There are 2 protein chains.
Amino acid sequence: MKSSSTLDVKMVNGLFAEFELVCRRIGLRLTHQRREIYRLLLNAGDHPSAETLYERLRQEMPTISLDTVYRNLHTMETHDLIARVPTGKSQARFEAKRGTHHHPMCSRCGEITDIQWEIFDNSELPDYASFWGQVTDKQATLTGVCKKCLQKK
Amino acid sequence: MKSSSTLDVKMVNGLFAEFELVCRRIGLRLTHQRREIYRLLLNAGDHPSAETLYERLRQEMPTISLDTVYRNLHTMETHDLIARVPTGKSQARFEAKRGTHHHPMCSRCGEITDIQWEIFDNSELPDYASFWGQVTDKQATLTGVCKKCLQKK
DNA sequence: TTGTCTGCAAAAACTTTGCACAAAT
DNA sequence: ATTTGTGCAAAGTTTTTGCAGACAA
């Protein structure tokens, strides 16, 4: 079984190179901060919040500021390099964009994972969708309790 | 085609009666404010935010406070009477709990609608789900542009 | 009467913005 | 040289909390 956290180095490098190309194409400067924010997000398997990302970035770049993190997340989202995970929570969670996947979320610990679901990906939208408008993306959110939390009691 | 905004009076009354039963069973008092918050949410087809709900409530109950709205939304969510819609936005959106349904969201105007999708409801979870943990709910989020916004240009 | 709930006020949590200097192209 | 990005500080949004009096049971 291939979990999406097993993302090999080659693929990550490829996505990172693509990120740099996109930045150059649209005139975004490749600052040290921007690169690191994207790199961490690309390697993170846990859909971190801005605050979490900030704490991690400070390990290697102690002078980075939280507002730079927010500003960059916003810019990258605008250019479709990253995405927010749809959750019901007030704190946003982010991921670098890759192939289609879905999100199991633990209602106890808040963990968000990636999951593949090809049958869903290949399924037709309900008829009503075309009446509603033009759908460009569909994704599933699974809610429940993760294995770690189940074992805690 | 049956849109979920066409929810007949009988069904709404039934759900409201059930709400009162649940409150009594678990010892929640049926205050004027609590009833109205639930009633408005039950009749709202648009998954309002706390703020939006507050504005509507003030029309009929000018002295209600925003923190009462928040407190009640929290309490009702805890008791599974209402739910938050998974969005990527920082402002939470709410709905009264009813049957299974899914959410098309307009990326232009922020509109959130309900949609039925029985094929999805009846489909099996991917194998990996049982490895992840115990899934209690699955729901689909469709992203796109609603018909009204498409017509605006 | 008893314990919960409300409104008010204040605070906390999360995110955005203006500005002057720094860095990227 | 030019223009965008950063860090700092301040402000804006959204949500939560403490408390004294009000209300439901």
# chains A, B, ... in the order shown; residues from 1 in each chain; ligands from 1
$ interface_residues --of "chain B" --to "chain C" --cutoff "8 Å" --atoms "only C-alpha atoms (C1' of nucleotides)" --output "list in words"
Leu28, Arg29, Thr31, Ile64, Ser65 and Thr68 of chain B
$ interface_residues --of "chain A" --to "chain B" --cutoff "7 Å" --atoms "only C-alpha atoms" --output "PyMOL selection string"
chain A and resi 84-92+117+126+132-147
$ select_by_dssp --residues "segment 37-78 of chain B" --states "alpha helix (DSSP H)" --output "PyMOL selection string"
chain B and resi 37-43+50-60+66-78
$ interface_residues --of "chain D" --to "chain B" --cutoff "9 Å" --atoms "only C-alpha atoms (C1' of nucleotides)" --output "PDB file with N, CA, C and O atoms (P, O5', C5', C4', C3', O3' and C1' of nucleotides), in the first residue's frame"
ATOM      1  P    DT D  13     -12.140  44.640   9.940  1.00  0.00           P
ATOM      2  O5'  DT D  13     -12.197  43.047   9.776  1.00  0.00           O
ATOM      3  C5'  DT D  13     -11.413  42.325  10.619  1.00  0.00           C
ATOM      4  C4'  DT D  13     -11.556  40.841  10.375  1.00  0.00           C
ATOM      5  C3'  DT D  13     -12.935  40.290  10.708  1.00  0.00           C
ATOM      6  O3'  DT D  13     -13.111  39.078   9.987  1.00  0.00           O
ATOM      7  C1'  DT D  13     -11.368  39.684  12.386  1.00  0.00           C
ATOM      8  P    DT D  14     -14.521  38.331   9.983  1.00  0.00           P
ATOM      9  O5'  DT D  14     -14.317  37.244  11.135  1.00  0.00           O
ATOM     10  C5'  DT D  14     -13.367  36.204  10.960  1.00  0.00           C
ATOM     11  C4'  DT D  14     -13.231  35.436  12.246  1.00  0.00           C
ATOM     12  C3'  DT D  14     -14.545  34.909  12.846  1.00  0.00           C
ATOM     13  O3'  DT D  14     -14.411  33.496  12.930  1.00  0.00           O
ATOM     14  C1'  DT D  14     -13.195  35.911  14.499  1.00  0.00           C
ATOM     15  P    DT D  15     -15.592  32.583  13.562  1.00  0.00           P
ATOM     16  O5'  DT D  15     -15.106  32.492  15.088  1.00  0.00           O
ATOM     17  C5'  DT D  15     -13.846  31.886  15.387  1.00  0.00           C
ATOM     18  C4'  DT D  15     -13.603  31.904  16.873  1.00  0.00           C
ATOM     19  C3'  DT D  15     -14.726  31.298  17.719  1.00  0.00           C
ATOM     20  O3'  DT D  15     -14.149  30.210  18.445  1.00  0.00           O
ATOM     21  C1'  DT D  15     -13.962  33.341  18.639  1.00  0.00           C
ATOM     22  P    DT D  16     -14.913  29.421  19.582  1.00  0.00           P
ATOM     23  O5'  DT D  16     -14.373  30.144  20.904  1.00  0.00           O
ATOM     24  C5'  DT D  16     -12.977  30.254  21.096  1.00  0.00           C
ATOM     25  C4'  DT D  16     -12.692  30.806  22.482  1.00  0.00           C
ATOM     26  C3'  DT D  16     -13.482  30.147  23.611  1.00  0.00           C
ATOM     27  O3'  DT D  16     -12.518  29.824  24.612  1.00  0.00           O
ATOM     28  C1'  DT D  16     -13.732  32.489  23.708  1.00  0.00           C
ATOM     29  P    DC D  23     -35.343  37.944  32.789  1.00  0.00           P
ATOM     30  O5'  DC D  23     -35.275  36.354  32.592  1.00  0.00           O
ATOM     31  C5'  DC D  23     -34.471  35.824  31.533  1.00  0.00           C
ATOM     32  C4'  DC D  23     -34.456  34.314  31.660  1.00  0.00           C
ATOM     33  C3'  DC D  23     -35.871  33.693  31.790  1.00  0.00           C
ATOM     34  O3'  DC D  23     -35.927  32.636  30.854  1.00  0.00           O
ATOM     35  C1'  DC D  23     -34.422  32.889  33.500  1.00  0.00           C
ATOM     36  P    DA D  24     -37.310  31.863  30.565  1.00  0.00           P
ATOM     37  O5'  DA D  24     -36.874  30.379  30.941  1.00  0.00           O
ATOM     38  C5'  DA D  24     -35.803  29.785  30.220  1.00  0.00           C
ATOM     39  C4'  DA D  24     -35.532  28.399  30.768  1.00  0.00           C
ATOM     40  C3'  DA D  24     -36.763  27.489  30.811  1.00  0.00           C
ATOM     41  O3'  DA D  24     -36.326  26.189  30.466  1.00  0.00           O
ATOM     42  C1'  DA D  24     -35.937  27.824  33.010  1.00  0.00           C
ATOM     43  P    DA D  25     -37.337  24.975  30.369  1.00  0.00           P
ATOM     44  O5'  DA D  25     -37.151  24.320  31.815  1.00  0.00           O
ATOM     45  C5'  DA D  25     -35.945  23.613  32.109  1.00  0.00           C
ATOM     46  C4'  DA D  25     -36.032  23.032  33.495  1.00  0.00           C
ATOM     47  C3'  DA D  25     -37.291  22.190  33.728  1.00  0.00           C
ATOM     48  O3'  DA D  25     -36.932  20.999  34.403  1.00  0.00           O
ATOM     49  C1'  DA D  25     -37.132  23.847  35.377  1.00  0.00           C
TER      50       DA D  25
END
$ select_by_dssp --residues "segment 5-138 of chain A" --states "strand (DSSP E or B)" --output "VMD selection string"
chain A and resid 49 82 to 84 87 93 to 96 102 to 106 112 115 133 to 138
